[in-house]
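Trainee: Before I ask anything, here is the structure I am working with.
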Amino acid sequence: MYVVIGANGRAGGETAAALIAMGKPVRVVLRQQEQAEKWKTLGAETAVTTIEDRAGLAAAFADASGAFLLCPPPSNADPFGRADEVGRALARAVRDADVPKIVVLSSIGAQHQSGTGIIATLNTLEQHLHGSAPATTFLRPGYFIETWSEVVDAVMAQGVLPSFLEPGQKIPMVSTRDVGRAAAELLVDGVEGERVVELRGAQDWSANDVAAAFGHILGRAVQPVFIAPPDRLAILTQQGVPVAIAEALLGMYEGIASGRVERDSSAEQRRGEVALVDAIGRLVAAAR
């Protein structure tokens, strides 16, 4: 049995789907019972609990051959404190249930304790889960292509791609479909010990490349528009993002711009297969 945390999110959902496609038994851990029917229809078992429920979480991990773990996106005003809380709870549950193998969703740049904004929360998560299972893999993907869904309305309505990334800077991006497949493969591969696996897309891409992919799908020109650092906080807070979370997110973009969010030379390197234009095509199709 393979247990998946965060199955209703992008990476967790793709991981659960990839395991099911492999014919593996899957149990998804959900916060609400009404989320369960979809996964039961797909053939997965479900467990309803929260990270705060120690007994419930350990029960969800019972008899697991492996577990996919992540820190949910922060919803409170202290993303770093929340990462510490989640990391402690997951490590305790893994030990309580004697889970033999875990794959932990992290990020490129998580080797640093600071200077990477929100990514530093994943350094905290890794520290808590270090040594918690006999086989532990920290999967560090690049920037999710699906993050661009947050501006797809502007792209489709106005032909512009708002970007906190310098338009010409190529960075490691990857589709969550590749992340899910990689996580599933790492869970079932039988490798013991602890390792770090960095996952990039088929190649590195820039905001210019993303705009071109949108243009190809829409059949018209799309222009990237760089949003300067002084203007970013107001944009995020006007969208309802709490200040502390907005500042942490903007710290990530500062880390990307400075080159601090980059590869760890000691990590195993992998590349995905999903083409940028295919991933962008899925975003457009979902928005139509």
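By convention in this document, the chains of the structure tokens carry letters A, B, ... by their order, each chain's residues are numbered from 1, and ligands are numbered from 1 in the order they are shown.
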Applying 10 Å and only C-alpha atoms, which residues near A:Ala7 remain after dropping the ones on its own chain fewer than 5 positions away? List them as a list in words.

Mentor: Gly12, Gly13, Glu14, Thr15, Ala16, Ala17, Arg27, Val28, Val29, Leu30, Gln35, Trp39 and Phe68 of chain A

Trainee: Using the selection just defined, write its residues with N, CA and C atoms as a PDB file, in the first residue's frame.

Mentor:
```pdb
ATOM      1  N   GLY A  12       0.525  16.033  -5.383  1.00  0.00           N
ATOM      2  CA  GLY A  12      -0.004  14.848  -4.731  1.00  0.00           C
ATOM      3  C   GLY A  12      -1.002  14.113  -5.607  1.00  0.00           C
ATOM      4  N   GLY A  13      -1.861  14.867  -6.301  1.00  0.00           N
ATOM      5  CA  GLY A  13      -2.825  14.239  -7.198  1.00  0.00           C
ATOM      6  C   GLY A  13      -2.166  13.500  -8.332  1.00  0.00           C
ATOM      7  N   GLU A  14      -1.124  14.095  -8.911  1.00  0.00           N
ATOM      8  CA  GLU A  14      -0.406  13.430 -10.009  1.00  0.00           C
ATOM      9  C   GLU A  14       0.334  12.191  -9.504  1.00  0.00           C
ATOM     10  N   THR A  15       0.838  12.248  -8.277  1.00  0.00           N
ATOM     11  CA  THR A  15       1.536  11.084  -7.716  1.00  0.00           C
ATOM     12  C   THR A  15       0.559   9.934  -7.497  1.00  0.00           C
ATOM     13  N   ALA A  16      -0.581  10.234  -6.895  1.00  0.00           N
ATOM     14  CA  ALA A  16      -1.582   9.186  -6.681  1.00  0.00           C
ATOM     15  C   ALA A  16      -2.045   8.601  -8.010  1.00  0.00           C
ATOM     16  N   ALA A  17      -2.275   9.459  -9.003  1.00  0.00           N
ATOM     17  CA  ALA A  17      -2.729   8.975 -10.308  1.00  0.00           C
ATOM     18  C   ALA A  17      -1.675   8.103 -10.975  1.00  0.00           C
ATOM     19  N   ARG A  27      -3.562   4.595  -0.980  1.00  0.00           N
ATOM     20  CA  ARG A  27      -4.440   5.204   0.028  1.00  0.00           C
ATOM     21  C   ARG A  27      -4.142   6.704   0.058  1.00  0.00           C
ATOM     22  N   VAL A  28      -5.147   7.507  -0.198  1.00  0.00           N
ATOM     23  CA  VAL A  28      -4.950   8.957  -0.164  1.00  0.00           C
ATOM     24  C   VAL A  28      -5.445   9.489   1.175  1.00  0.00           C
ATOM     25  N   VAL A  29      -4.695  10.438   1.733  1.00  0.00           N
ATOM     26  CA  VAL A  29      -5.032  11.040   3.016  1.00  0.00           C
ATOM     27  C   VAL A  29      -5.694  12.386   2.757  1.00  0.00           C
ATOM     28  N   LEU A  30      -6.939  12.521   3.205  1.00  0.00           N
ATOM     29  CA  LEU A  30      -7.755  13.690   2.923  1.00  0.00           C
ATOM     30  C   LEU A  30      -8.160  14.386   4.218  1.00  0.00           C
ATOM     31  N   GLN A  35     -14.313  14.740   0.034  1.00  0.00           N
ATOM     32  CA  GLN A  35     -13.296  14.647  -1.017  1.00  0.00           C
ATOM     33  C   GLN A  35     -13.012  13.204  -1.420  1.00  0.00           C
ATOM     34  N   TRP A  39     -11.737   9.708  -5.318  1.00  0.00           N
ATOM     35  CA  TRP A  39     -10.609   8.774  -5.248  1.00  0.00           C
ATOM     36  C   TRP A  39     -11.077   7.325  -5.137  1.00  0.00           C
ATOM     37  N   PHE A  68       4.181   9.216   0.194  1.00  0.00           N
ATOM     38  CA  PHE A  68       4.546  10.486  -0.441  1.00  0.00           C
ATOM     39  C   PHE A  68       4.102  11.600   0.491  1.00  0.00           C
TER      40      PHE A  68
END
```

Trainee: Using only C-alpha atoms, which residues sit within 7 Å of stretch 205-213 of chain A once same-chain residues fewer than 4 positions away are excluded, as a list in words?

Mentor: Leu161, Ser163, Leu165, Pro167, Gly168, Gln169, Lys170, Ile171, Pro172, Met173, Ile217, Val222, Gln223, Pro224, Leu276, Val277 and Ile280 of chain A

Trainee: From the options A:Ala58, A:Ala202, A:Ala228, A:Ala184, which residue's atoms come nearest to A:Ala279, counting only C-alpha atoms?

Mentor: A:Ala202

Trainee: I want to know what sits within 9 Å of A:Glu194, based on only C-alpha atoms, with residues of the same chain fewer than 4 positions away left out; could you give that as a PyMOL selection string?

Mentor: chain A and resi 130-131+133-138

Trainee: Determine the nearest neighbour of A:Asp231 from the options A:Ile145, A:Ala275, A:Phe164, A:Ser175, counting only C-alpha atoms.

Mentor: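 Ranked by minimum distance to A:Asp231, first place goes to A:Phe164.
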
Trainee: From a DSSP calculation on the backbone, collect every residue of stretch 204-255 of chain A in strand (DSSP E) and output the set as a list in words.

Mentor: Gln223, Pro224, Val225 and Phe226 of chain A

Trainee: Which residue is closest to A:Leu19? Choose from A:Ala183, A:Ala60, A:Ala77, A:Leu105 and count only C-alpha atoms.

Mentor: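 Among A:Ala183, A:Ala60, A:Ala77, A:Leu105, it is A:Ala183 that comes nearest to A:Leu19.
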
Trainee: For a quick check of understanding, using only C-alpha atoms, which of A:Ser65, A:Asp264, A:Cys71, A:Thr121 has the smallest distance to A:Asp98?

Mentor: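 Selected residue with least distance to A:Asp98: A:Ser65.
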
Trainee: Point out the residue among A:Leu90, A:Leu250, A:Leu218, A:Ala234 with the least atom-to-atom distance to A:Val284, counting only C-alpha atoms.

Mentor: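 Ranking A:Leu90, A:Leu250, A:Leu218, A:Ala234 by distance to A:Val284, first place goes to A:Leu218.
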
Trainee: Could you name the residues that touch A:Gly201 at 6 Å or less, counting only C-alpha atoms, but leaving out those on the same chain fewer than 5 positions away, as a VMD selection string?

Mentor: chain A and resid 173 to 174 271 to 272

Trainee: Which one is closest to A:His112: A:Gln203, A:Glu126, A:Ser75, A:Ala221? Count only C-alpha atoms.

Mentor: A:Glu126

Trainee: So how far away is atom CA of A:Ile5 from atom CA of A:Ile51, in Å?

Mentor: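 Separation between atom CA of A:Ile51 and atom CA of A:Ile5: 9.7 Å.
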
Trainee: Near A:Phe61, counting only C-alpha atoms, which residues have an atom at most 12 Å away, once you skip same-chain residues fewer than 5 positions from it, shown as a PyMOL selection string?

Mentor: chain A and resi 1-5+26-29+45-49+51+54-56+66-69+90-102

Trainee: Contacts of A:Val152 at 9 Å or less, counting only C-alpha atoms, minus same-chain residues fewer than 4 places along, as a PyMOL selection string?

Mentor: chain A and resi 148+156-157+161+214+283-284+287

Trainee: Where does DSSP see alpha helix (DSSP H) in stretch 43-279 of chain A, if you list the residues as a PyMOL selection string?

Mentor: chain A and resi 54-60+79-96+120-129+152-158+176-188+207-218+229-238+243-258+276-279

Trainee: Identify, on the basis of only C-alpha atoms, every residue whose closest approach to A:Ser107 does not exceed 8 Å; exclude the query and any residue fewer than 4 positions from it along the same chain; express the result as a list in words.

Mentor: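 Returned residues: Ile119, Leu122, Leu139, Arg140, Pro141, Gly142 and Glu198 of chain A.
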